[in-house]
Structures are given as C-alpha cells and as structure tokens.
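To keep things clear, I will list the structure first and then write my remarks on it.
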Number of protein chains: 2
Amino acid sequence: MKIDGRHYRTIAPTPEDDAVLVIDQTKLPFSFEFMRLTRIEDAAVAISAMHVRGAPLIGATAAYGVALRMRDDASDASLASAVERLGATRPTAVNLRWALTRMSEKLHNVAPADRAAVAWNEASAICDEDVEQCRLIGVHGRELITRRWRETGRTVNVLTHCNAGWLATVDWGTALSPIYQAHDAGVPVHVFVDETRPRNQGAALSAYELGAHGVPHTVIVDNAGGHLMQHGLVDMCIVGTDRTTATGDVANKIGTYLKALAAKDNGVPFYVALPSSTIDWSIEDGVRGIEIEERSAREVTHLMGRREDGSIATIEVVAPGSPAANPAFDVTPSRLVTALITERGICDATREGLLGLFPERRAAA
Amino acid sequence: MKIDGRHYRTIAPTPEDDAVLVIDQTKLPFSFEFMRLTRIEDAAVAISAMHVRGAPLIGATAAYGVALRMRDDASDASLASAVERLGATRPTAVNLRWALTRMSEKLHNVAPADRAAVAWNEASAICDEDVEQCRLIGVHGRELITRRWRETGRTVNVLTHCNAGWLATVDWGTALSPIYQAHDAGVPVHVFVDETRPRNQGAALSAYELGAHGVPHTVIVDNAGGHLMQHGLVDMCIVGTDRTTATGDVANKIGTYLKALAAKDNGVPFYVALPSSTIDWSIEDGVRGIEIEERSAREVTHLMGRREDGSIATIEVVAPGSPAANPAFDVTPSRLVTALITERGICDATREGLLGLFPERRAAA
C-alpha cells in the first residue's frame with residue numbers, strides 16, 4: 001500500500017539483500033519508522049515486542065528470522081535452535097508455527113552450504129504468497145462494494161473493527177483489501193473505523209493506513225456503530241478473523257460480535273474477510289470450541305498516546321483499585337455472518353459454503 | 001452513599017447553611033474533593049464546567065444557585081437574571097429547566113424579604129425528593145437481584161453502562177440504586193462496569209463509587225459485554241436513561257443499544273431504571289423522534305488520565321489527521337427492554353405498562 005504516494009510492504013529485504021526492513025508499528029500512528037533486522041535476535045524481538053503484529057506478518061518475519069540465522073550458521077543444530085527461539089516469541093500465533101514448520105521442512109532437505117540462499121528465497125516466497133492471497137480477497141470483496149455503489153449511486157459506507165489492514169499482513173490486508181481495491185478503482189468508499197479498545201488498533205493503525213493511502217474515513221468509539229446502522233449510515237461491515245470454524249463461526253477482536261448483532265438487527269450485510277489458512281476445520285461450534293485469550297488488565301486501565309508537546313505518555317484511566325477483565329477476542333456465530341470473503345471467492349458462512357470453495361476438504365469432512 | 005464508610009450526598013448545604021458543598025467530579029476518580037458554592041456564579045460554573053453532572057444533580061445545583069442569588073438580591077429582576085444565567089449553562093439539560101421553572105414559580109408568589117429562606121428550603125426539598133425517588137427505584141429494583149440470587153444461590157452479576165449512579169443524582173443513583181440496596185441488604189452482587197467511551201464515565205465514576213461503597217465490580221471495555229453474556233457470565237443488565245418515550249424506547253449513553261442486542265440474543269434480562277421525570281410522553285418512536293447530540297471529536301481523539309508520577313495529562317490516541325464522529329447517545333427500542341424500573345414500581349416497556357404505573361397520564365394519552 002501507499003504512504004504519501006509511495007508503495008511499501010510492511011516487511012521487505014533491503015535492495016542489497018543484507019538485511020530485512022520492517023515498519024516499526026509500536027511507533028505508529030505518530031511516527032513512521034523502519035526497523036532493520038540483521039540477526040535472528042532482531043527478528044525475535046520485533047515479534048515478541050510487537051514491533052510487527054498481525055498473523056501473516058508475524059509468520060513472514062519469523063521466516064526471515066530463520067533465513068538471517070542461516071547466514072550466520074547453517075548447521076542442523078542452528079536451524080533447530082532458530083525454530084525454537086522464534087517459536088517462543090508469541091506462544092499462541094498459529095501462523096508463526098506454520099511459517100517455521102514450512103521453513104524447517106524446506107531446509108532439512110538442503111545441504112547446509114545452500115541453506116542461506118534457499119531460506120532467503122523461501123521467506124520471500126512466503127511474503128509473495130501472502131500478498132497474492134490478500135490481493136485476491138480484495139478482488140472478490142471489491143465487487144460487493146462496487147455493486148452497492150451501483151445500487152445507490154453514492155459513496156459506500158463500510159464499517160470495520162480492529163486492524164485487518166495491510167499493517168497486519170505483508171500488503172493489502174484482509175478486511176481492508178476490498179476497500180483499497182474499490183478506492184483504487186475509483187469507487188467512492190468511506191470507512192467508519194471502530195477505535196477498538198483496549199489496544200486501539202482501529203484508531204491507531206487502521207485510521208493511519210487508510211489516511212496514508214488517501215481513503216476517506218472517520219474514527220468512532222466502539223459504542224457508536226449500532227447507532228450509525230440504526231440510522232442507515234452504514235452500507236456494510238467488513239471485518240477480519242483470527243480463526244474461522246468449519247461451520248463459519250468467526251473469532252475476531254473483542255466487540256466484533258456486538259457489531260454483527262447490530263448489522264443483523266438493521267439489515268446491514270456483515271462480511272468477514274479471511275485467507276483460508278485461518279479456517280480451523282476441526283472446530284464445529286466456535287462459541288464453545290474456541291478458547292479466548294484473557295490479556296493483561298493493564299491494557300484496559302492504561303493507555304498510551306501523544307501529549308501536546310509531542311512526547312509519548314502512558315496514563316491511567318480507570319478508578320484506582322478497581323479490577324479490570326480483558327478478554328481479547330469474541331466469537332460471532334455464523335448465523336450473523338452474511339458471507340465469507342476468501343482468496344478463492346465469496347461463500348455462505350456455512351459448512352456447505354466453505355466446502356464449495358475448498359472441495360479438497362470434503363473427504364476430510 | 002458511602003466513601004470509606006462515611007455517608008455523603010453529591011450536594012449538600014454546609015452545617016452552618018452558609019454555602020453549598022458539591023463533590024468536584026472533574027477530579028474523580030483520582031482525587032475526592034469538595035467545591036464550595038457561595039455565589040450564584042459558583043453554581044453556574046460548577047454546572048457549565050461539569051464539576052457536577054447528571055440530570056438530577058444539575059437540577060439540584062441550579063436550584064441552590066437561585067437560592068444563593070436570593071441571599072444577595074431577592075428582587076424580581078435578580079430572580080429573572082438568575083434563572084437566565086443558570087439556564088444557559090447546559091443548553092440541552094431537561095432537568096435544569098424543570099428545576100429553574102419550579103424555583104421561579106415558587107418564588108414569584110413570595111415577598112422578596114422571604115425569598116432567600118423559601119428558596120433555600122425549596123432547593124433542599126428538590127434534593128430530598130430526588131433522593132426519595134432514587135431510593136424507591138432501588139427498593140423496587142433490588143427485588144430483581146434478590147430473586148435471581150434465590151434462583152441461583154450464587155453472586156448475581158449485573159452489567160451496567162455509563163454512570164447512572166449516585167454521582168449523577170443527589171444520592172443512590174438510578175441504575176446503581178438497586179445494586180447498592182441489594183448489596184446493603186447482604187445479597188451478593190458483582191457489577192461489570194463498561195468503561196463507556198468516549199468520556200469513560202463507567203471506568204472513572206461508576207467504578208469509583210462502587211469501589212468507595214465496597215461493591216465488588218470489574219471494569220471491562222465496551223467491546224466485552226457481548227462475549228460475557230454469550231458465556232453466561234451476566235445475570236442481568238441495568239442501565240439508566242436520559243429520555244424514555246411514551247412507548248418505552250430509551251435514549252441513553254451511546255453503546256447502550258449494543259448491550260441490549262447482546263442481552264436479547266443471550267436471554268439476559270435488560271432493565272432500564274428511571275425516575276418518571278425522564279419520560280417524554282410526547283414521543284412515540286424513539287429512534288426517529290429523539291434527536292441525538294453530536295459532541296466534540298476531541299472527546300474521541302484525546303483522553304485524560306493520571307501519569308505514573310501522579311500528574312494529570314491529556315493524550316491523543318487517534319492517528320493524527322483522521323477525523324472522528326461522536327454521537328453521544330443512542331436509542332434502544334422497547335422490544336429489547338425487559339422492564340422499566342421506576343419510583344412507582346416495575347412495568348413493561350410499553351405504553352400500557354407505563355400507563356399502568358402512571359394512570360394520571362391516561363387522559364392525556
């Protein structure tokens with residue numbers, strides 16, 4: 001995607017191939033800076049300290065972490081320890097483990113002398129594949145926006161929650177990919193961005209990337225979406241997902257379920273964009289089957305932001321001594337989901353819908 | 001209600017009757033301080049700068065503002081200018097106008113020499129009546145909590161939104177009154193407190209007053225309530241309202257509607273507590289009929305809180321340059337409201353339900 005008219009990926013090797021550059025997302029939205037990863041430890045810290053975040057981007061960073069390690073020491077022992085080190089950075093990230101397994105399997109069959117080059121190419125391939133998947137989600141999803149525009153003849157208002165944009169992936173994003181592609185194709189689109197407490201990824205990251213690319217948008221508190229839908233101000237919702245069940249239930253950032261309820265109550269289509277890698281074919285009932293991570297109360301009680309003088313400060317916003325709970329995700333039952341937007345196309349949020357797009361899963365199911 | 005075991009009202013004359021003390025709510029939750037009102041201008045500033053807030057408390061403060069003015073100058077011209085000055089402090093507050101009209105009508109028939117004393121008594125009566133109304137709401141509402149406790153034999157979990165507690169009234173509060181009364185009667189009750197962005201009255205005020213009185217509670221982000229209800233962690237919701245239609249629709253702080261949807265979806269009772277003064281008998285359809293105040297975008301983009309060193313700071317939390325919208329209230333349709341809790345008892349959120357408790361309105365309707 002573009003920042004001030006120039007194209008960037010969230011992760012890319014330097015032109016000299018001597019290091020990997022990632023956008024330091026802990027500095028956003030107040031400062032746009034790159035971090036240079038030259039050793040495996042740089043990649044591990046980038047992931048664990050959340051300089052990079054978002055499942056696909058974490059996977060890509062880990063892959064490059066392995067590749068950087070292979071330049072220093074391409075032995076079997078080094079490969080094993082690299083996988084172990086990187087795997088420990090974010091214990092629950094599915095994509096991280098997937099990327100490390102892929103790197104590991106690829107490199108095991110390669111002579112140590114060739115591993116550095118092969119690893120670099122494989123990490124690059126993982127990035128390119130992610131970009132292509134996200135692009136395809138956008139190609140399919142933009143038709144929904146374009147169709148609505150043709151129906152109404154006016155700007156299409158899309159509501160989104162959290163950050164399922166290019167900052168969470170290598171490029172394009174998932175939920176925001178259809179929006180970028182519609183915008184780039186000249187379809188007038190405006191985005192209502194939920195701030196997405198407690199970590200404010202909507203206000204900080206989605207608003208930043210939409211603004212940088214030039215997409216009209218308005219930040220709202222998480223409380224406001226229902227009211228907007230009641231008054232006909234939202235044409236559709238598009239959100240991402242961290243895990244999708246075989247029956248079309250979707251786990252996503254806490255609060256997604258509330259927006260899906262409001263969409264249903266007001267006849268607003270509710271779409272979920274996902275690469276098929278997030279489908280967990282082993283789970284039937286998302287509400288009962290998906291364990292929800294409980295994160296630190298401090299994310300609720302404290303907030304970080306920029307002071308008038310430009311310095312970054314952390315403030316406490318909850319009555320001192322009051323405990324806080326912080327479930328990080330919720331599950332939206334498939335009955336509230338109008339359709340799923342995948343890299344293979346759009347389908348109903350049902351087992352049959354998913355199997356129609358992924359028939360190779362039929363035997364397993 | 002109590003703070004550290006000692007009983008307070010949010011507004012009360014000094015023992016010497018030489019001034020009025022109000023809790024300075026702009027200092028909460030980090031500092032508990034009183035403001036001394038000795039002239040009408042003190043009362044006007046207390047209201048306009050939101051040192052006091054909440055419809056009933058604003059009305060009570062305005063009444064004392066008139067009384068303070070009568071001590072300085074009890075002429076007709078002085079009375080008229082006092083009403084004008086105080087009426088301009090918060091243009092949309094219904095209770096403010098009601099209290100000023102009551103004071104004005106009472107004092108017009110009184111000789112100027114007696115006005116100071118009569119005004120002081122009338123302001124005191126307004127406060128006492130508010131306390132009694134809120135107490136009665138609690139008496140009726142606590143039965144719902146007690147009944148649930150008897151059914152389950154365990155702590156009753158109540159979810160509330162915003163601050164409809166004693167800080168918004170003279171004592172007891174509206175939505176929180178049933179909770180205080182159940183707690184004081186020994187019924188085990190725990191409150192999930194929505195932080196209530198953008199102004200965080202839940203995290204700052206409801207959490208503060210529940211904690212000060214000793215009621216177990218947990219602060220959550222506004223996004224979390226649906227997830228908690230999905231998992232059976234909420235026994236009932238109780239919220240307040242700024243305006244109730246003749247048909248039982250309720251306007252309340254933005255985000256209330258989303259919680260009502262989640263309650264309905266999960267079979268959780270959704271109660272709205274209100275003094276009958278908030279009923280607008282002239283409106284049928286709340287969603288179409290109630291105009292929603294759009295407040296400053298800065299309430300969304302900036303937050304105030306306490307730094308580690310104890311100082312109060314304001315930080316920016318939205319991507320710079322991104323616009324924000326800030327509708328302050330939403331309307332929950334009566335179909336999502338299980339019952340209304342009023343000072344006269346509990347009724348269905350319907351025209352017939354309300355007329356059953358307020359039969360004197362039948363002729364008008």
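Within each chain, counting starts at residue 1; across the structure tokens, chains are named A, B, ... in the order shown, with ligands numbered 1 upward in that order.
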
Worksheet entry | Who sits within 9 Å of Val331 in chain A, only C-alpha atoms, same chain under 3 positions skipped, as a list in words | Asp249, Val250, Ala251, Asn252, Lys253, Ile254, Thr256, Tyr257, Gly286, Val287, Ile290 and Ile292 of chain A; His227 and Gln230 of chain B

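Within 6 Å of range 188-193 of chain B, once only C-alpha atoms are used and residues closer than 5 positions along the same chain are dropped, the contacting residues are Thr155, Val156, Asn157, Val158, Leu159, Thr160, Gly202, Pro216, His217, Thr218, Val219 and Ile220 of chain B.
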
Could the residues in this selection be written to a file with N, CA and C atoms, as a PDB file, in the first residue's frame?
ATOM      1  N   THR B 155     -23.511 -15.409  43.609  1.00  0.00           N
ATOM      2  CA  THR B 155     -23.401 -13.970  43.351  1.00  0.00           C
ATOM      3  C   THR B 155     -24.112 -13.597  42.051  1.00  0.00           C
ATOM      4  N   VAL B 156     -24.864 -12.524  42.107  1.00  0.00           N
ATOM      5  CA  VAL B 156     -25.568 -12.044  40.917  1.00  0.00           C
ATOM      6  C   VAL B 156     -24.666 -11.060  40.176  1.00  0.00           C
ATOM      7  N   ASN B 157     -24.444 -11.331  38.888  1.00  0.00           N
ATOM      8  CA  ASN B 157     -23.602 -10.466  38.061  1.00  0.00           C
ATOM      9  C   ASN B 157     -24.465  -9.513  37.250  1.00  0.00           C
ATOM     10  N   VAL B 158     -24.276  -8.224  37.497  1.00  0.00           N
ATOM     11  CA  VAL B 158     -25.042  -7.193  36.806  1.00  0.00           C
ATOM     12  C   VAL B 158     -24.091  -6.416  35.902  1.00  0.00           C
ATOM     13  N   LEU B 159     -24.488  -6.199  34.657  1.00  0.00           N
ATOM     14  CA  LEU B 159     -23.696  -5.343  33.770  1.00  0.00           C
ATOM     15  C   LEU B 159     -24.355  -3.970  33.690  1.00  0.00           C
ATOM     16  N   THR B 160     -23.551  -2.911  33.811  1.00  0.00           N
ATOM     17  CA  THR B 160     -24.096  -1.570  33.642  1.00  0.00           C
ATOM     18  C   THR B 160     -23.235  -0.761  32.686  1.00  0.00           C
ATOM     19  N   GLY B 202     -17.999   5.207  33.013  1.00  0.00           N
ATOM     20  CA  GLY B 202     -18.053   3.924  33.708  1.00  0.00           C
ATOM     21  C   GLY B 202     -16.753   3.657  34.457  1.00  0.00           C
ATOM     22  N   PRO B 216     -18.326  -5.184  45.041  1.00  0.00           N
ATOM     23  CA  PRO B 216     -17.414  -5.855  44.112  1.00  0.00           C
ATOM     24  C   PRO B 216     -17.772  -5.529  42.660  1.00  0.00           C
ATOM     25  N   HIS B 217     -16.761  -5.263  41.850  1.00  0.00           N
ATOM     26  CA  HIS B 217     -17.016  -4.885  40.463  1.00  0.00           C
ATOM     27  C   HIS B 217     -15.764  -5.120  39.636  1.00  0.00           C
ATOM     28  N   THR B 218     -15.942  -5.161  38.324  1.00  0.00           N
ATOM     29  CA  THR B 218     -14.848  -5.348  37.376  1.00  0.00           C
ATOM     30  C   THR B 218     -15.085  -4.425  36.196  1.00  0.00           C
ATOM     31  N   VAL B 219     -14.088  -3.656  35.831  1.00  0.00           N
ATOM     32  CA  VAL B 219     -14.206  -2.778  34.666  1.00  0.00           C
ATOM     33  C   VAL B 219     -13.889  -3.577  33.408  1.00  0.00           C
ATOM     34  N   ILE B 220     -14.667  -3.372  32.379  1.00  0.00           N
ATOM     35  CA  ILE B 220     -14.421  -4.012  31.078  1.00  0.00           C
ATOM     36  C   ILE B 220     -14.513  -2.947  29.992  1.00  0.00           C
TER      37      ILE B 220
END

Residues of chain A within 7 Å of chain B: nearest atom pair and distance (Å, one decimal) for each, counting only C-alpha atoms, sorted by chain and number, as JSON lines?
{"residue": "A:Pro29", "atom": "CA", "partner": "B:Ala319", "partner_atom": "CA", "distance": 5.1}
{"residue": "A:Phe30", "atom": "CA", "partner": "B:Ala319", "partner_atom": "CA", "distance": 6.8}
{"residue": "A:Arg197", "atom": "CA", "partner": "B:Val221", "partner_atom": "CA", "distance": 6.3}
{"residue": "A:Pro198", "atom": "CA", "partner": "B:Val221", "partner_atom": "CA", "distance": 6.4}
{"residue": "A:Ala203", "atom": "CA", "partner": "B:Val318", "partner_atom": "CA", "distance": 4.7}
{"residue": "A:Ala204", "atom": "CA", "partner": "B:Ala319", "partner_atom": "CA", "distance": 5.1}
{"residue": "A:Ala207", "atom": "CA", "partner": "B:Ala319", "partner_atom": "CA", "distance": 5.9}
{"residue": "A:Tyr208", "atom": "CA", "partner": "B:Ala319", "partner_atom": "CA", "distance": 5.2}
{"residue": "A:Gly211", "atom": "CA", "partner": "B:Ser322", "partner_atom": "CA", "distance": 6.7}
{"residue": "A:Thr218", "atom": "CA", "partner": "B:Ala324", "partner_atom": "CA", "distance": 5.0}
{"residue": "A:Val219", "atom": "CA", "partner": "B:Ala324", "partner_atom": "CA", "distance": 4.4}
{"residue": "A:Ile220", "atom": "CA", "partner": "B:Ala325", "partner_atom": "CA", "distance": 5.5}
{"residue": "A:Val221", "atom": "CA", "partner": "B:Arg197", "partner_atom": "CA", "distance": 6.3}
{"residue": "A:Asp222", "atom": "CA", "partner": "B:Asn223", "partner_atom": "CA", "distance": 6.7}
{"residue": "A:Asn223", "atom": "CA", "partner": "B:Gly255", "partner_atom": "CA", "distance": 3.9}
{"residue": "A:Ala224", "atom": "CA", "partner": "B:Gly255", "partner_atom": "CA", "distance": 6.0}
{"residue": "A:Gly226", "atom": "CA", "partner": "B:Leu258", "partner_atom": "CA", "distance": 6.1}
{"residue": "A:His227", "atom": "CA", "partner": "B:Asp330", "partner_atom": "CA", "distance": 5.6}
{"residue": "A:Ile254", "atom": "CA", "partner": "B:Asn223", "partner_atom": "CA", "distance": 5.6}
{"residue": "A:Gly255", "atom": "CA", "partner": "B:Asn223", "partner_atom": "CA", "distance": 4.0}
{"residue": "A:Tyr257", "atom": "CA", "partner": "B:Gly226", "partner_atom": "CA", "distance": 6.7}
{"residue": "A:Leu258", "atom": "CA", "partner": "B:Leu258", "partner_atom": "CA", "distance": 5.9}
{"residue": "A:Leu261", "atom": "CA", "partner": "B:Leu261", "partner_atom": "CA", "distance": 6.4}
{"residue": "A:Ala262", "atom": "CA", "partner": "B:Leu258", "partner_atom": "CA", "distance": 6.6}
{"residue": "A:Val300", "atom": "CA", "partner": "B:Val221", "partner_atom": "CA", "distance": 6.7}
{"residue": "A:Gly305", "atom": "CA", "partner": "B:Val317", "partner_atom": "CA", "distance": 5.0}
{"residue": "A:Arg306", "atom": "CA", "partner": "B:Glu316", "partner_atom": "CA", "distance": 5.0}
{"residue": "A:Arg307", "atom": "CA", "partner": "B:Ile315", "partner_atom": "CA", "distance": 4.7}
{"residue": "A:Thr314", "atom": "CA", "partner": "B:Arg307", "partner_atom": "CA", "distance": 6.3}
{"residue": "A:Ile315", "atom": "CA", "partner": "B:Arg307", "partner_atom": "CA", "distance": 4.7}
{"residue": "A:Glu316", "atom": "CA", "partner": "B:Arg306", "partner_atom": "CA", "distance": 5.0}
{"residue": "A:Val317", "atom": "CA", "partner": "B:Gly305", "partner_atom": "CA", "distance": 5.0}
{"residue": "A:Val318", "atom": "CA", "partner": "B:Ala203", "partner_atom": "CA", "distance": 4.7}
{"residue": "A:Ala319", "atom": "CA", "partner": "B:Pro29", "partner_atom": "CA", "distance": 5.0}
{"residue": "A:Ser322", "atom": "CA", "partner": "B:Ala207", "partner_atom": "CA", "distance": 6.3}
{"residue": "A:Pro323", "atom": "CA", "partner": "B:Thr218", "partner_atom": "CA", "distance": 5.1}
{"residue": "A:Ala324", "atom": "CA", "partner": "B:Val219", "partner_atom": "CA", "distance": 4.4}
{"residue": "A:Ala325", "atom": "CA", "partner": "B:Ile220", "partner_atom": "CA", "distance": 5.5}
{"residue": "A:Asn326", "atom": "CA", "partner": "B:Ile220", "partner_atom": "CA", "distance": 6.5}
{"residue": "A:Pro327", "atom": "CA", "partner": "B:Ala224", "partner_atom": "CA", "distance": 6.8}
{"residue": "A:Asp330", "atom": "CA", "partner": "B:His227", "partner_atom": "CA", "distance": 5.6}

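Neighbouring residues of range 113-117 of chain B at 12 Å or closer, counting only C-alpha atoms and skipping chain neighbours under 4 positions away, are B:Asp17, B:Asp18, B:Ala63, B:Tyr64, B:Gly65, B:Val66, B:Ala67, B:Leu68, B:Arg69, B:Met70, B:Arg71, B:Asp72, B:Asp73, B:Ala74, B:Ser75, B:Asp76, B:Ser78, B:Leu79, B:Met103, B:Ser104, B:Glu105, B:Lys106, B:Leu107, B:His108, B:Asn109, B:Asn121, B:Glu122, B:Ala123, B:Ser124.
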
Worksheet item: Do you have the CA of Arg39 in chain A-CA of Val20 in chain A distance handy?
Response: 9.4 Å

Item to complete: Write out as an MDAnalysis selection string each polymer residue whose atoms come within 6 Å of range 80-94 of chain B, counting only C-alpha atoms; drop sequence neighbours fewer than 3 positions from it.
Response: chainID B and resid 44 48 66 77 97

Worksheet item: Got a sec to tell me which of range 133-212 of chain B DSSP assigns to strand (DSSP E), as a PyMOL selection string?
Response: chain B and resi 156-160+189-194

Output of the above residues as a PDB file, in the first residue's frame, restricted to all heavy atoms:
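What ended up in part.pdb:
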ATOM      1  N   VAL B 156     -24.864 -12.524  42.107  1.00  0.00           N
ATOM      2  CA  VAL B 156     -25.568 -12.044  40.917  1.00  0.00           C
ATOM      3  C   VAL B 156     -24.666 -11.060  40.176  1.00  0.00           C
ATOM      4  O   VAL B 156     -24.166 -10.094  40.766  1.00  0.00           O
ATOM      5  CB  VAL B 156     -26.896 -11.357  41.312  1.00  0.00           C
ATOM      6  CG1 VAL B 156     -27.623 -10.851  40.072  1.00  0.00           C
ATOM      7  CG2 VAL B 156     -27.775 -12.324  42.104  1.00  0.00           C
ATOM      8  N   ASN B 157     -24.444 -11.331  38.888  1.00  0.00           N
ATOM      9  CA  ASN B 157     -23.602 -10.466  38.061  1.00  0.00           C
ATOM     10  C   ASN B 157     -24.465  -9.513  37.250  1.00  0.00           C
ATOM     11  O   ASN B 157     -25.263  -9.953  36.419  1.00  0.00           O
ATOM     12  CB  ASN B 157     -22.741 -11.314  37.123  1.00  0.00           C
ATOM     13  CG  ASN B 157     -21.653 -12.048  37.873  1.00  0.00           C
ATOM     14  OD1 ASN B 157     -20.732 -11.428  38.410  1.00  0.00           O
ATOM     15  ND2 ASN B 157     -21.774 -13.370  37.959  1.00  0.00           N
ATOM     16  N   VAL B 158     -24.276  -8.224  37.497  1.00  0.00           N
ATOM     17  CA  VAL B 158     -25.042  -7.193  36.806  1.00  0.00           C
ATOM     18  C   VAL B 158     -24.091  -6.416  35.902  1.00  0.00           C
ATOM     19  O   VAL B 158     -22.998  -6.043  36.330  1.00  0.00           O
ATOM     20  CB  VAL B 158     -25.687  -6.217  37.813  1.00  0.00           C
ATOM     21  CG1 VAL B 158     -26.518  -5.164  37.083  1.00  0.00           C
ATOM     22  CG2 VAL B 158     -26.530  -6.966  38.835  1.00  0.00           C
ATOM     23  N   LEU B 159     -24.488  -6.199  34.657  1.00  0.00           N
ATOM     24  CA  LEU B 159     -23.696  -5.343  33.770  1.00  0.00           C
ATOM     25  C   LEU B 159     -24.355  -3.970  33.690  1.00  0.00           C
ATOM     26  O   LEU B 159     -25.577  -3.869  33.542  1.00  0.00           O
ATOM     27  CB  LEU B 159     -23.577  -5.968  32.380  1.00  0.00           C
ATOM     28  CG  LEU B 159     -22.679  -5.199  31.382  1.00  0.00           C
ATOM     29  CD1 LEU B 159     -21.901  -6.186  30.499  1.00  0.00           C
ATOM     30  CD2 LEU B 159     -23.482  -4.262  30.492  1.00  0.00           C
ATOM     31  N   THR B 160     -23.551  -2.911  33.811  1.00  0.00           N
ATOM     32  CA  THR B 160     -24.096  -1.570  33.642  1.00  0.00           C
ATOM     33  C   THR B 160     -23.235  -0.761  32.686  1.00  0.00           C
ATOM     34  O   THR B 160     -22.079  -1.114  32.415  1.00  0.00           O
ATOM     35  CB  THR B 160     -24.261  -0.836  34.996  1.00  0.00           C
ATOM     36  OG1 THR B 160     -25.077   0.325  34.793  1.00  0.00           O
ATOM     37  CG2 THR B 160     -22.917  -0.420  35.590  1.00  0.00           C
ATOM     38  N   VAL B 189     -23.648  -9.386  45.175  1.00  0.00           N
ATOM     39  CA  VAL B 189     -23.799  -8.815  43.833  1.00  0.00           C
ATOM     40  C   VAL B 189     -22.437  -8.313  43.359  1.00  0.00           C
ATOM     41  O   VAL B 189     -21.639  -7.804  44.152  1.00  0.00           O
ATOM     42  CB  VAL B 189     -24.874  -7.685  43.835  1.00  0.00           C
ATOM     43  CG1 VAL B 189     -24.552  -6.594  44.841  1.00  0.00           C
ATOM     44  CG2 VAL B 189     -25.097  -7.113  42.456  1.00  0.00           C
ATOM     45  N   HIS B 190     -22.172  -8.531  42.090  1.00  0.00           N
ATOM     46  CA  HIS B 190     -20.931  -8.085  41.443  1.00  0.00           C
ATOM     47  C   HIS B 190     -21.312  -7.366  40.157  1.00  0.00           C
ATOM     48  O   HIS B 190     -22.213  -7.808  39.438  1.00  0.00           O
ATOM     49  CB  HIS B 190     -20.034  -9.291  41.141  1.00  0.00           C
ATOM     50  CG  HIS B 190     -18.920  -8.978  40.177  1.00  0.00           C
ATOM     51  ND1 HIS B 190     -19.059  -9.159  38.812  1.00  0.00           N
ATOM     52  CD2 HIS B 190     -17.676  -8.482  40.365  1.00  0.00           C
ATOM     53  CE1 HIS B 190     -17.925  -8.792  38.219  1.00  0.00           C
ATOM     54  NE2 HIS B 190     -17.084  -8.382  39.127  1.00  0.00           N
ATOM     55  N   VAL B 191     -20.625  -6.273  39.862  1.00  0.00           N
ATOM     56  CA  VAL B 191     -21.010  -5.441  38.722  1.00  0.00           C
ATOM     57  C   VAL B 191     -19.917  -5.434  37.653  1.00  0.00           C
ATOM     58  O   VAL B 191     -18.751  -5.157  37.955  1.00  0.00           O
ATOM     59  CB  VAL B 191     -21.286  -3.988  39.177  1.00  0.00           C
ATOM     60  CG1 VAL B 191     -21.825  -3.155  38.021  1.00  0.00           C
ATOM     61  CG2 VAL B 191     -22.245  -3.964  40.357  1.00  0.00           C
ATOM     62  N   PHE B 192     -20.286  -5.748  36.416  1.00  0.00           N
ATOM     63  CA  PHE B 192     -19.402  -5.498  35.280  1.00  0.00           C
ATOM     64  C   PHE B 192     -19.671  -4.067  34.814  1.00  0.00           C
ATOM     65  O   PHE B 192     -20.796  -3.732  34.435  1.00  0.00           O
ATOM     66  CB  PHE B 192     -19.661  -6.476  34.132  1.00  0.00           C
ATOM     67  CG  PHE B 192     -19.080  -7.835  34.368  1.00  0.00           C
ATOM     68  CD1 PHE B 192     -19.903  -8.942  34.571  1.00  0.00           C
ATOM     69  CD2 PHE B 192     -17.705  -8.027  34.389  1.00  0.00           C
ATOM     70  CE1 PHE B 192     -19.359 -10.207  34.794  1.00  0.00           C
ATOM     71  CE2 PHE B 192     -17.155  -9.289  34.601  1.00  0.00           C
ATOM     72  CZ  PHE B 192     -17.985 -10.375  34.810  1.00  0.00           C
ATOM     73  N   VAL B 193     -18.629  -3.247  34.850  1.00  0.00           N
ATOM     74  CA  VAL B 193     -18.763  -1.825  34.532  1.00  0.00           C
ATOM     75  C   VAL B 193     -18.170  -1.563  33.157  1.00  0.00           C
ATOM     76  O   VAL B 193     -16.955  -1.631  32.977  1.00  0.00           O
ATOM     77  CB  VAL B 193     -18.025  -0.969  35.587  1.00  0.00           C
ATOM     78  CG1 VAL B 193     -18.153   0.510  35.252  1.00  0.00           C
ATOM     79  CG2 VAL B 193     -18.549  -1.255  36.990  1.00  0.00           C
ATOM     80  N   ASP B 194     -19.010  -1.238  32.178  1.00  0.00           N
ATOM     81  CA  ASP B 194     -18.500  -0.801  30.866  1.00  0.00           C
ATOM     82  C   ASP B 194     -17.710   0.488  31.049  1.00  0.00           C
ATOM     83  O   ASP B 194     -18.199   1.428  31.693  1.00  0.00           O
ATOM     84  CB  ASP B 194     -19.662  -0.498  29.916  1.00  0.00           C
ATOM     85  CG  ASP B 194     -20.279  -1.739  29.298  1.00  0.00           C
ATOM     86  OD1 ASP B 194     -19.746  -2.848  29.500  1.00  0.00           O
ATOM     87  OD2 ASP B 194     -21.303  -1.590  28.605  1.00  0.00           O
TER      88      ASP B 194
END

Discussion item. Going by DSSP on the backbone, which residues of range 141-223 of chain B come out as alpha helix (DSSP H)? List them as a PyMOL selection string.
Written reply: chain B and resi 141-152+177-184+201+207-213

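Put simply, CA of Val272 in chain A is 7.0 Å away from CA of Ala175 in chain A.
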
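One distance worth recording is that between CA of Cys127 in chain B and CA of Arg295 in chain B, which is 28.9 Å.
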
Discussion item. Applying 12 Å and only C-alpha atoms, which residues near Glu132 in chain B remain after dropping the ones on its own chain fewer than 5 positions away? List them as a ChimeraX atom specification.
Written reply: /B:125-127,137-139,169-174,177,275,342-344

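Remark: for Tyr271 in chain B, the closest of the candidate residues B:Leu176, B:Leu340, B:Met35, B:Ile11 is B:Leu340 (distances computed over only C-alpha atoms).
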